[in-house]
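Here is entry.cif, consisting of mmCIF, N, CA and C atoms:
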```
data_protein
loop_
_atom_site.label_atom_id
_atom_site.label_comp_id
_atom_site.auth_asym_id
_atom_site.auth_seq_id
_atom_site.Cartn_x
_atom_site.Cartn_y
_atom_site.Cartn_z
N MET A 160 -22.09 -70.49 -9.38
CA MET A 160 -21.56 -70.35 -8.03
C MET A 160 -20.80 -69.02 -7.88
N ALA A 161 -19.95 -68.67 -8.86
CA ALA A 161 -19.18 -67.44 -8.78
C ALA A 161 -20.10 -66.22 -8.77
N THR A 162 -21.19 -66.26 -9.53
CA THR A 162 -22.13 -65.15 -9.56
C THR A 162 -22.78 -64.98 -8.19
N HIS A 163 -23.15 -66.10 -7.57
CA HIS A 163 -23.75 -66.06 -6.25
C HIS A 163 -22.79 -65.43 -5.25
N GLN A 164 -21.52 -65.78 -5.30
CA GLN A 164 -20.51 -65.22 -4.39
C GLN A 164 -20.39 -63.71 -4.60
N LYS A 165 -20.44 -63.26 -5.85
CA LYS A 165 -20.34 -61.84 -6.14
C LYS A 165 -21.52 -61.09 -5.53
N GLU A 166 -22.71 -61.67 -5.60
CA GLU A 166 -23.89 -61.04 -5.01
C GLU A 166 -23.73 -60.91 -3.50
N ILE A 167 -23.21 -61.92 -2.87
CA ILE A 167 -22.99 -61.87 -1.42
C ILE A 167 -22.00 -60.76 -1.10
N ASN A 168 -20.93 -60.67 -1.85
CA ASN A 168 -19.93 -59.64 -1.61
C ASN A 168 -20.52 -58.25 -1.78
N GLN A 169 -21.37 -58.05 -2.79
CA GLN A 169 -21.99 -56.75 -2.99
C GLN A 169 -22.90 -56.40 -1.82
N GLU A 170 -23.60 -57.38 -1.29
CA GLU A 170 -24.44 -57.15 -0.12
C GLU A 170 -23.59 -56.81 1.09
N ASP A 171 -22.46 -57.50 1.25
CA ASP A 171 -21.55 -57.20 2.35
C ASP A 171 -21.02 -55.77 2.25
N VAL A 172 -20.66 -55.37 1.05
CA VAL A 172 -20.14 -54.02 0.82
C VAL A 172 -21.23 -52.99 1.15
N LYS A 173 -22.44 -53.25 0.72
CA LYS A 173 -23.55 -52.34 1.00
C LYS A 173 -23.77 -52.21 2.51
N ALA A 174 -23.75 -53.33 3.20
CA ALA A 174 -23.94 -53.32 4.66
C ALA A 174 -22.79 -52.59 5.36
N LEU A 175 -21.57 -52.83 4.92
CA LEU A 175 -20.42 -52.16 5.50
C LEU A 175 -20.48 -50.65 5.26
N LYS A 176 -20.86 -50.27 4.07
CA LYS A 176 -20.99 -48.85 3.73
C LYS A 176 -22.03 -48.19 4.63
N GLU A 177 -23.15 -48.85 4.84
CA GLU A 177 -24.20 -48.34 5.71
C GLU A 177 -23.69 -48.23 7.16
N TYR A 178 -22.99 -49.26 7.62
CA TYR A 178 -22.43 -49.24 8.98
C TYR A 178 -21.46 -48.06 9.15
N LEU A 179 -20.55 -47.90 8.19
CA LEU A 179 -19.57 -46.83 8.28
C LEU A 179 -20.21 -45.45 8.27
N SER A 180 -21.30 -45.29 7.52
CA SER A 180 -21.96 -43.99 7.43
C SER A 180 -22.56 -43.57 8.77
N GLN A 181 -22.73 -44.52 9.67
CA GLN A 181 -23.32 -44.22 10.98
C GLN A 181 -22.25 -44.02 12.06
N GLN A 182 -20.98 -44.17 11.70
CA GLN A 182 -19.89 -44.07 12.67
C GLN A 182 -19.26 -42.68 12.66
N GLN A 183 -18.65 -42.34 13.78
CA GLN A 183 -17.89 -41.09 13.88
C GLN A 183 -16.51 -41.29 13.26
N PRO A 184 -15.90 -40.22 12.74
CA PRO A 184 -14.57 -40.36 12.13
C PRO A 184 -13.55 -41.07 13.02
N ALA A 185 -13.54 -40.75 14.30
CA ALA A 185 -12.57 -41.39 15.21
C ALA A 185 -12.78 -42.90 15.28
N ASP A 186 -14.04 -43.34 15.21
CA ASP A 186 -14.32 -44.77 15.25
C ASP A 186 -13.87 -45.45 13.96
N ILE A 187 -14.04 -44.77 12.84
CA ILE A 187 -13.59 -45.33 11.56
C ILE A 187 -12.07 -45.40 11.53
N VAL A 188 -11.41 -44.42 12.10
CA VAL A 188 -9.95 -44.44 12.21
C VAL A 188 -9.50 -45.67 12.99
N GLU A 189 -10.18 -45.96 14.09
CA GLU A 189 -9.83 -47.15 14.87
C GLU A 189 -9.97 -48.42 14.05
N ILE A 190 -11.03 -48.51 13.27
CA ILE A 190 -11.24 -49.67 12.40
C ILE A 190 -10.10 -49.78 11.39
N ILE A 191 -9.77 -48.67 10.76
CA ILE A 191 -8.71 -48.66 9.75
C ILE A 191 -7.37 -49.07 10.36
N GLU A 192 -7.08 -48.54 11.53
CA GLU A 192 -5.80 -48.84 12.17
C GLU A 192 -5.69 -50.30 12.59
N LEU A 193 -6.81 -50.98 12.77
CA LEU A 193 -6.79 -52.40 13.12
C LEU A 193 -6.50 -53.30 11.91
N LEU A 194 -6.71 -52.76 10.72
CA LEU A 194 -6.50 -53.57 9.51
C LEU A 194 -5.02 -53.65 9.19
N PRO A 195 -4.49 -54.86 9.03
CA PRO A 195 -3.05 -55.00 8.81
C PRO A 195 -2.59 -54.65 7.39
N GLU A 196 -3.46 -54.77 6.42
CA GLU A 196 -3.07 -54.56 5.02
C GLU A 196 -3.48 -53.17 4.54
N ARG A 197 -2.56 -52.49 3.85
CA ARG A 197 -2.82 -51.16 3.32
C ARG A 197 -4.00 -51.17 2.34
N GLU A 198 -4.09 -52.21 1.52
CA GLU A 198 -5.19 -52.29 0.55
C GLU A 198 -6.55 -52.37 1.27
N GLU A 199 -6.61 -53.08 2.38
CA GLU A 199 -7.85 -53.16 3.15
C GLU A 199 -8.20 -51.79 3.72
N GLN A 200 -7.19 -51.07 4.19
CA GLN A 200 -7.42 -49.73 4.74
C GLN A 200 -7.98 -48.80 3.65
N LYS A 201 -7.38 -48.88 2.47
CA LYS A 201 -7.85 -48.03 1.36
C LYS A 201 -9.27 -48.41 0.94
N LYS A 202 -9.59 -49.70 0.96
CA LYS A 202 -10.95 -50.13 0.61
C LYS A 202 -11.98 -49.53 1.55
N ILE A 203 -11.66 -49.50 2.83
CA ILE A 203 -12.59 -48.91 3.80
C ILE A 203 -12.76 -47.42 3.49
N LEU A 204 -11.66 -46.72 3.27
CA LEU A 204 -11.75 -45.30 2.97
C LEU A 204 -12.59 -45.04 1.72
N LYS A 205 -12.42 -45.87 0.71
CA LYS A 205 -13.14 -45.65 -0.55
C LYS A 205 -14.63 -45.92 -0.44
N LEU A 206 -15.07 -46.54 0.64
CA LEU A 206 -16.50 -46.75 0.86
C LEU A 206 -17.19 -45.51 1.42
N LEU A 207 -16.40 -44.55 1.89
CA LEU A 207 -16.95 -43.35 2.52
C LEU A 207 -17.30 -42.30 1.48
N ASP A 208 -18.29 -41.46 1.81
CA ASP A 208 -18.56 -40.34 0.92
C ASP A 208 -17.46 -39.29 1.11
N ALA A 209 -17.44 -38.28 0.26
CA ALA A 209 -16.35 -37.31 0.25
C ALA A 209 -16.18 -36.60 1.59
N GLU A 210 -17.28 -36.19 2.18
CA GLU A 210 -17.21 -35.47 3.45
C GLU A 210 -16.67 -36.36 4.57
N ASP A 211 -17.17 -37.58 4.64
CA ASP A 211 -16.69 -38.51 5.68
C ASP A 211 -15.23 -38.90 5.46
N MET A 212 -14.85 -39.11 4.19
CA MET A 212 -13.46 -39.48 3.94
C MET A 212 -12.52 -38.35 4.35
N ALA A 213 -12.89 -37.11 4.06
CA ALA A 213 -12.06 -35.98 4.45
C ALA A 213 -11.91 -35.93 5.97
N ALA A 214 -13.01 -36.14 6.69
CA ALA A 214 -12.96 -36.11 8.15
C ALA A 214 -12.09 -37.24 8.70
N VAL A 215 -12.19 -38.41 8.10
CA VAL A 215 -11.39 -39.55 8.56
C VAL A 215 -9.92 -39.32 8.23
N LEU A 216 -9.62 -38.81 7.05
CA LEU A 216 -8.22 -38.55 6.68
C LEU A 216 -7.60 -37.53 7.63
N ALA A 217 -8.36 -36.50 7.99
CA ALA A 217 -7.84 -35.49 8.92
C ALA A 217 -7.59 -36.10 10.29
N GLU A 218 -8.49 -36.96 10.74
CA GLU A 218 -8.37 -37.62 12.05
C GLU A 218 -7.23 -38.64 12.04
N LEU A 219 -7.11 -39.35 10.93
CA LEU A 219 -6.11 -40.40 10.79
C LEU A 219 -4.71 -39.82 10.76
N ASN A 220 -4.56 -38.69 10.08
CA ASN A 220 -3.28 -38.00 9.98
C ASN A 220 -2.17 -38.92 9.48
N ASP A 221 -2.46 -39.67 8.42
CA ASP A 221 -1.50 -40.57 7.78
C ASP A 221 -1.34 -40.11 6.33
N GLY A 222 -0.31 -39.32 6.10
CA GLY A 222 -0.11 -38.74 4.78
C GLY A 222 0.05 -39.77 3.68
N GLU A 223 0.76 -40.84 3.96
CA GLU A 223 0.98 -41.86 2.94
C GLU A 223 -0.33 -42.53 2.54
N LEU A 224 -1.16 -42.85 3.53
CA LEU A 224 -2.45 -43.47 3.23
C LEU A 224 -3.34 -42.49 2.47
N MET A 225 -3.32 -41.23 2.87
CA MET A 225 -4.10 -40.22 2.15
C MET A 225 -3.65 -40.13 0.70
N ALA A 226 -2.35 -40.04 0.50
CA ALA A 226 -1.82 -39.91 -0.85
C ALA A 226 -2.18 -41.12 -1.70
N GLU A 227 -1.95 -42.31 -1.17
CA GLU A 227 -2.25 -43.53 -1.93
C GLU A 227 -3.74 -43.60 -2.29
N THR A 228 -4.59 -43.26 -1.34
CA THR A 228 -6.03 -43.35 -1.58
C THR A 228 -6.48 -42.32 -2.61
N LEU A 229 -6.10 -41.06 -2.41
CA LEU A 229 -6.54 -40.01 -3.33
C LEU A 229 -6.00 -40.22 -4.74
N LEU A 230 -4.76 -40.67 -4.84
CA LEU A 230 -4.17 -40.86 -6.16
C LEU A 230 -4.74 -42.08 -6.88
N ASP A 231 -5.38 -42.99 -6.14
CA ASP A 231 -6.06 -44.15 -6.74
C ASP A 231 -7.43 -43.78 -7.32
N LEU A 232 -7.98 -42.68 -6.86
CA LEU A 232 -9.33 -42.28 -7.26
C LEU A 232 -9.32 -41.46 -8.54
N PRO A 233 -10.46 -41.43 -9.25
CA PRO A 233 -10.57 -40.49 -10.38
C PRO A 233 -10.38 -39.07 -9.85
N LYS A 234 -9.76 -38.22 -10.65
CA LYS A 234 -9.41 -36.87 -10.21
C LYS A 234 -10.63 -36.10 -9.69
N LYS A 235 -11.76 -36.24 -10.35
CA LYS A 235 -12.96 -35.52 -9.93
C LYS A 235 -13.40 -35.95 -8.53
N GLN A 236 -13.35 -37.23 -8.25
CA GLN A 236 -13.73 -37.74 -6.94
C GLN A 236 -12.72 -37.29 -5.87
N ALA A 237 -11.44 -37.35 -6.20
CA ALA A 237 -10.40 -36.91 -5.25
C ALA A 237 -10.56 -35.42 -4.95
N HIS A 238 -10.92 -34.64 -5.97
CA HIS A 238 -11.12 -33.21 -5.79
C HIS A 238 -12.28 -32.94 -4.83
N LYS A 239 -13.36 -33.71 -4.94
CA LYS A 239 -14.50 -33.55 -4.02
C LYS A 239 -14.08 -33.81 -2.58
N ILE A 240 -13.19 -34.76 -2.39
CA ILE A 240 -12.72 -35.07 -1.04
C ILE A 240 -11.88 -33.92 -0.50
N THR A 241 -10.97 -33.41 -1.32
CA THR A 241 -10.11 -32.33 -0.85
C THR A 241 -10.91 -31.06 -0.58
N GLU A 242 -12.04 -30.87 -1.28
CA GLU A 242 -12.90 -29.72 -0.99
C GLU A 242 -13.45 -29.78 0.43
N ASN A 243 -13.53 -30.98 0.98
CA ASN A 243 -14.06 -31.18 2.33
C ASN A 243 -12.97 -31.27 3.39
N LEU A 244 -11.71 -31.20 2.98
CA LEU A 244 -10.58 -31.28 3.90
C LEU A 244 -10.06 -29.86 4.14
N SER A 245 -9.99 -29.45 5.38
CA SER A 245 -9.52 -28.09 5.64
C SER A 245 -8.09 -27.93 5.13
N ALA A 246 -7.77 -26.73 4.70
CA ALA A 246 -6.42 -26.46 4.20
C ALA A 246 -5.39 -26.70 5.30
N ASP A 247 -5.75 -26.39 6.53
CA ASP A 247 -4.84 -26.60 7.66
C ASP A 247 -4.54 -28.09 7.85
N ASP A 248 -5.58 -28.92 7.79
CA ASP A 248 -5.38 -30.37 7.91
C ASP A 248 -4.55 -30.88 6.74
N ALA A 249 -4.85 -30.42 5.54
CA ALA A 249 -4.10 -30.85 4.36
C ALA A 249 -2.63 -30.47 4.50
N ALA A 250 -2.37 -29.26 4.97
CA ALA A 250 -0.98 -28.81 5.14
C ALA A 250 -0.24 -29.69 6.14
N ASP A 251 -0.90 -30.01 7.24
CA ASP A 251 -0.26 -30.87 8.25
C ASP A 251 0.07 -32.25 7.67
N ILE A 252 -0.89 -32.82 6.94
CA ILE A 252 -0.70 -34.16 6.40
C ILE A 252 0.34 -34.14 5.28
N LEU A 253 0.26 -33.17 4.38
CA LEU A 253 1.20 -33.12 3.27
C LEU A 253 2.63 -32.85 3.75
N GLY A 254 2.76 -32.18 4.87
CA GLY A 254 4.08 -31.89 5.42
C GLY A 254 4.89 -33.14 5.71
N GLU A 255 4.23 -34.28 5.87
CA GLU A 255 4.91 -35.55 6.15
C GLU A 255 5.44 -36.23 4.89
N LEU A 256 5.01 -35.76 3.73
CA LEU A 256 5.26 -36.48 2.49
C LEU A 256 6.45 -35.94 1.72
N SER A 257 6.95 -36.76 0.81
CA SER A 257 8.05 -36.33 -0.05
C SER A 257 7.55 -35.22 -0.98
N GLN A 258 8.48 -34.44 -1.49
CA GLN A 258 8.14 -33.35 -2.41
C GLN A 258 7.40 -33.90 -3.64
N GLU A 259 7.84 -35.03 -4.15
CA GLU A 259 7.22 -35.64 -5.33
C GLU A 259 5.76 -36.00 -5.06
N THR A 260 5.50 -36.61 -3.92
CA THR A 260 4.13 -37.00 -3.56
C THR A 260 3.28 -35.76 -3.31
N GLN A 261 3.86 -34.75 -2.67
CA GLN A 261 3.14 -33.50 -2.45
C GLN A 261 2.67 -32.91 -3.79
N GLU A 262 3.56 -32.87 -4.75
CA GLU A 262 3.22 -32.29 -6.05
C GLU A 262 2.10 -33.07 -6.75
N LYS A 263 2.13 -34.39 -6.63
CA LYS A 263 1.06 -35.20 -7.21
C LYS A 263 -0.28 -34.84 -6.57
N LEU A 264 -0.27 -34.66 -5.26
CA LEU A 264 -1.51 -34.31 -4.57
C LEU A 264 -1.95 -32.89 -4.89
N PHE A 265 -0.99 -31.97 -5.01
CA PHE A 265 -1.36 -30.60 -5.37
C PHE A 265 -2.06 -30.56 -6.73
N SER A 266 -1.75 -31.48 -7.60
CA SER A 266 -2.41 -31.50 -8.91
C SER A 266 -3.89 -31.84 -8.80
N LEU A 267 -4.31 -32.39 -7.66
CA LEU A 267 -5.73 -32.70 -7.43
C LEU A 267 -6.50 -31.51 -6.87
N PHE A 268 -5.78 -30.52 -6.35
CA PHE A 268 -6.40 -29.38 -5.69
C PHE A 268 -6.73 -28.28 -6.70
N ASP A 269 -7.77 -27.50 -6.40
CA ASP A 269 -7.98 -26.32 -7.25
C ASP A 269 -6.90 -25.29 -6.87
N ASP A 270 -6.69 -24.31 -7.72
CA ASP A 270 -5.58 -23.37 -7.56
C ASP A 270 -5.62 -22.61 -6.23
N HIS A 271 -6.80 -22.11 -5.87
CA HIS A 271 -6.91 -21.34 -4.63
C HIS A 271 -6.59 -22.21 -3.41
N TYR A 272 -7.14 -23.41 -3.39
CA TYR A 272 -6.90 -24.33 -2.27
C TYR A 272 -5.42 -24.70 -2.20
N ALA A 273 -4.81 -25.00 -3.33
CA ALA A 273 -3.39 -25.36 -3.36
C ALA A 273 -2.53 -24.22 -2.83
N GLU A 274 -2.88 -22.99 -3.23
CA GLU A 274 -2.12 -21.82 -2.76
C GLU A 274 -2.25 -21.68 -1.24
N GLU A 275 -3.45 -21.88 -0.72
CA GLU A 275 -3.68 -21.78 0.72
C GLU A 275 -2.90 -22.86 1.48
N VAL A 276 -2.91 -24.08 0.96
CA VAL A 276 -2.18 -25.18 1.61
C VAL A 276 -0.68 -24.90 1.58
N ARG A 277 -0.17 -24.47 0.43
CA ARG A 277 1.27 -24.15 0.33
C ARG A 277 1.66 -23.07 1.33
N GLU A 278 0.81 -22.05 1.46
CA GLU A 278 1.11 -20.97 2.40
C GLU A 278 1.17 -21.50 3.83
N LEU A 279 0.20 -22.34 4.19
CA LEU A 279 0.19 -22.91 5.53
C LEU A 279 1.38 -23.82 5.77
N MET A 280 1.83 -24.52 4.75
CA MET A 280 2.99 -25.41 4.90
C MET A 280 4.27 -24.62 5.16
N GLY A 281 4.25 -23.33 4.86
CA GLY A 281 5.43 -22.48 5.08
C GLY A 281 5.64 -22.10 6.54
N TYR A 282 4.62 -22.31 7.36
CA TYR A 282 4.72 -21.95 8.78
C TYR A 282 5.30 -23.13 9.56
N ASP A 283 5.99 -22.80 10.66
CA ASP A 283 6.44 -23.84 11.59
C ASP A 283 5.22 -24.41 12.31
N ASP A 284 5.30 -25.68 12.69
CA ASP A 284 4.19 -26.35 13.35
C ASP A 284 3.76 -25.66 14.65
N ASP A 285 4.71 -25.04 15.33
CA ASP A 285 4.40 -24.45 16.64
C ASP A 285 3.99 -22.97 16.56
N THR A 286 3.70 -22.48 15.34
CA THR A 286 3.23 -21.10 15.20
C THR A 286 1.73 -21.11 14.92
N ALA A 287 1.12 -19.93 14.99
CA ALA A 287 -0.32 -19.83 14.81
C ALA A 287 -0.78 -20.31 13.44
N GLY A 288 0.01 -20.11 12.40
CA GLY A 288 -0.39 -20.54 11.06
C GLY A 288 -0.04 -21.99 10.78
N GLY A 289 0.82 -22.60 11.58
CA GLY A 289 1.32 -23.94 11.29
C GLY A 289 0.58 -25.06 11.88
#
```

Mind turning this structure into structure tokens?
Amino acid sequence: MATHQKEINQEDVKALKEYLSQQQPADIVEIIELLPEREEQKKILKLLDAEDMAAVLAELNDGELMAETLLDLPKKQAHKITENLSADDAADILGELSQETQEKLFSLFDDHYAEEVRELMGYDDDTAGG
């Protein structure tokens, strides 16, 4: 019986993954925001490919959720996601986080990208670079 349940869950996950791949980032954000539990939100994000996850994280603009999700992933996978996240979006999102959390996330970035994000974080939000 337990094996049968696992098969059903895998099919559900496959169907959900397929459904999400056909949605726009803004629509996925709406789905995530409707979920009451943080773990459920992270599960949805983890079903997305790197490019889609980056787009959703930028649209969602929730630094804590981004940090929790990326830090839960293997470093190589998290790095692929950040490669698809603009430095400007990353700077905006990281600006909301504690220094400690920022540093953890910077460890996932390649050196050039981290330098670009740090530079952008130095600008005020209401300036051209911020």

### Query
From the set A:Leu175, A:Leu193, A:Leu204, A:Ala209, which residue has the shortest atom-to-atom contact distance to A:Thr228, counting all atoms listed in the file?
A:Leu204

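The residue set within 7 Å of stretch 248-257 of chain A, counting only N, CA and C atoms and dropping same-chain residues fewer than 3 places from it, reads Ala217, Asn220, Asp221, Gly222, Glu223, Leu244, Ser245, Thr260, Gln261, Glu262, Val276, Arg277, Leu279, Met280 and Gly289 of chain A.
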
### Task
From a DSSP pass on the backbone, collect the residues of chain A flagged as alpha helix (DSSP H) and hand them back as a PyMOL selection string.
chain A and resi 161-180+184-193+197-205+209-219+222-231+234-242+246-253+258-265+270-280

### Query
Counting only C-alpha atoms, which of A:Glu274, A:Glu170, A:Met212, A:Asn243 gets nearest to A:Met225?
A:Met212

### Query
Which residue gives the smallest distance to A:Lys201 among A:Val215, A:Leu179, A:Ile187, A:Leu224, with only N, CA and C atoms counted?
A:Leu224

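The coordinates place atom CA of A:Ala185 at 26.0 Å from atom CA of A:Lys234.
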
#### Entry: Å distance separating atom CA of A:Leu207 from atom CA of A:Tyr178, one decimal place
10.3 Å

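Here atom N of A:Gly281 is placed at a distance of 15.0 Å from atom C of A:Leu264.
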
Complete stretch 208-219 of chain A with all heavy atoms (output as an mmCIF file, in the coordinates of the input).
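Contents of result.cif, as written:
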```
data_model
loop_
_atom_site.group_PDB
_atom_site.id
_atom_site.type_symbol
_atom_site.label_atom_id
_atom_site.label_comp_id
_atom_site.auth_asym_id
_atom_site.auth_seq_id
_atom_site.Cartn_x
_atom_site.Cartn_y
_atom_site.Cartn_z
ATOM 1 N N ASP A 208 -18.290 -41.460 1.810
ATOM 2 C CA ASP A 208 -18.560 -40.340 0.920
ATOM 3 C C ASP A 208 -17.460 -39.290 1.110
ATOM 4 O O ASP A 208 -16.620 -39.411 2.025
ATOM 5 C CB ASP A 208 -19.964 -39.766 1.152
ATOM 6 C CG ASP A 208 -20.160 -39.144 2.529
ATOM 7 O OD1 ASP A 208 -19.184 -38.646 3.134
ATOM 8 O OD2 ASP A 208 -21.302 -39.142 2.999
ATOM 9 N N ALA A 209 -17.440 -38.280 0.260
ATOM 10 C CA ALA A 209 -16.350 -37.310 0.250
ATOM 11 C C ALA A 209 -16.180 -36.600 1.590
ATOM 12 O O ALA A 209 -15.058 -36.448 2.092
ATOM 13 C CB ALA A 209 -16.570 -36.289 -0.866
ATOM 14 N N GLU A 210 -17.280 -36.190 2.180
ATOM 15 C CA GLU A 210 -17.210 -35.470 3.450
ATOM 16 C C GLU A 210 -16.670 -36.360 4.570
ATOM 17 O O GLU A 210 -15.793 -35.948 5.343
ATOM 18 C CB GLU A 210 -18.602 -34.957 3.820
ATOM 19 C CG GLU A 210 -18.626 -34.066 5.036
ATOM 20 C CD GLU A 210 -20.017 -33.502 5.312
ATOM 21 O OE1 GLU A 210 -20.833 -33.387 4.380
ATOM 22 O OE2 GLU A 210 -20.266 -33.189 6.486
ATOM 23 N N ASP A 211 -17.170 -37.580 4.640
ATOM 24 C CA ASP A 211 -16.690 -38.510 5.680
ATOM 25 C C ASP A 211 -15.230 -38.900 5.460
ATOM 26 O O ASP A 211 -14.463 -39.006 6.415
ATOM 27 C CB ASP A 211 -17.565 -39.754 5.733
ATOM 28 C CG ASP A 211 -18.944 -39.478 6.326
ATOM 29 O OD1 ASP A 211 -19.108 -38.451 7.020
ATOM 30 O OD2 ASP A 211 -19.857 -40.290 6.080
ATOM 31 N N MET A 212 -14.850 -39.110 4.190
ATOM 32 C CA MET A 212 -13.460 -39.480 3.940
ATOM 33 C C MET A 212 -12.520 -38.350 4.350
ATOM 34 O O MET A 212 -11.476 -38.599 4.948
ATOM 35 C CB MET A 212 -13.210 -39.851 2.478
ATOM 36 C CG MET A 212 -11.792 -40.417 2.296
ATOM 37 S SD MET A 212 -11.233 -40.709 0.614
ATOM 38 C CE MET A 212 -12.297 -42.007 0.071
ATOM 39 N N ALA A 213 -12.890 -37.110 4.060
ATOM 40 C CA ALA A 213 -12.060 -35.980 4.450
ATOM 41 C C ALA A 213 -11.910 -35.930 5.970
ATOM 42 O O ALA A 213 -10.805 -35.728 6.485
ATOM 43 C CB ALA A 213 -12.650 -34.683 3.916
ATOM 44 N N ALA A 214 -13.010 -36.140 6.690
ATOM 45 C CA ALA A 214 -12.960 -36.110 8.150
ATOM 46 C C ALA A 214 -12.090 -37.240 8.700
ATOM 47 O O ALA A 214 -11.310 -37.033 9.631
ATOM 48 C CB ALA A 214 -14.371 -36.204 8.725
ATOM 49 N N VAL A 215 -12.190 -38.410 8.100
ATOM 50 C CA VAL A 215 -11.390 -39.550 8.560
ATOM 51 C C VAL A 215 -9.920 -39.320 8.230
ATOM 52 O O VAL A 215 -9.048 -39.587 9.065
ATOM 53 C CB VAL A 215 -11.913 -40.866 7.946
ATOM 54 C CG1 VAL A 215 -10.936 -42.011 8.181
ATOM 55 C CG2 VAL A 215 -13.280 -41.202 8.513
ATOM 56 N N LEU A 216 -9.620 -38.810 7.050
ATOM 57 C CA LEU A 216 -8.220 -38.550 6.680
ATOM 58 C C LEU A 216 -7.600 -37.530 7.630
ATOM 59 O O LEU A 216 -6.437 -37.670 8.024
ATOM 60 C CB LEU A 216 -8.121 -38.076 5.233
ATOM 61 C CG LEU A 216 -8.374 -39.143 4.173
ATOM 62 C CD1 LEU A 216 -8.446 -38.512 2.793
ATOM 63 C CD2 LEU A 216 -7.323 -40.242 4.211
ATOM 64 N N ALA A 217 -8.360 -36.500 7.990
ATOM 65 C CA ALA A 217 -7.840 -35.490 8.920
ATOM 66 C C ALA A 217 -7.590 -36.100 10.290
ATOM 67 O O ALA A 217 -6.578 -35.824 10.933
ATOM 68 C CB ALA A 217 -8.820 -34.330 9.020
ATOM 69 N N GLU A 218 -8.490 -36.960 10.740
ATOM 70 C CA GLU A 218 -8.370 -37.620 12.050
ATOM 71 C C GLU A 218 -7.230 -38.640 12.040
ATOM 72 O O GLU A 218 -6.497 -38.791 12.994
ATOM 73 C CB GLU A 218 -9.696 -38.290 12.386
ATOM 74 C CG GLU A 218 -9.763 -38.902 13.740
ATOM 75 C CD GLU A 218 -10.219 -37.938 14.810
ATOM 76 O OE1 GLU A 218 -10.856 -36.923 14.506
ATOM 77 O OE2 GLU A 218 -9.916 -38.220 15.980
ATOM 78 N N LEU A 219 -7.110 -39.350 10.930
ATOM 79 C CA LEU A 219 -6.110 -40.400 10.790
ATOM 80 C C LEU A 219 -4.710 -39.820 10.760
ATOM 81 O O LEU A 219 -3.772 -40.369 11.309
ATOM 82 C CB LEU A 219 -6.388 -41.201 9.515
ATOM 83 C CG LEU A 219 -5.604 -42.466 9.267
ATOM 84 C CD1 LEU A 219 -5.866 -43.486 10.356
ATOM 85 C CD2 LEU A 219 -5.987 -43.060 7.917
#
```
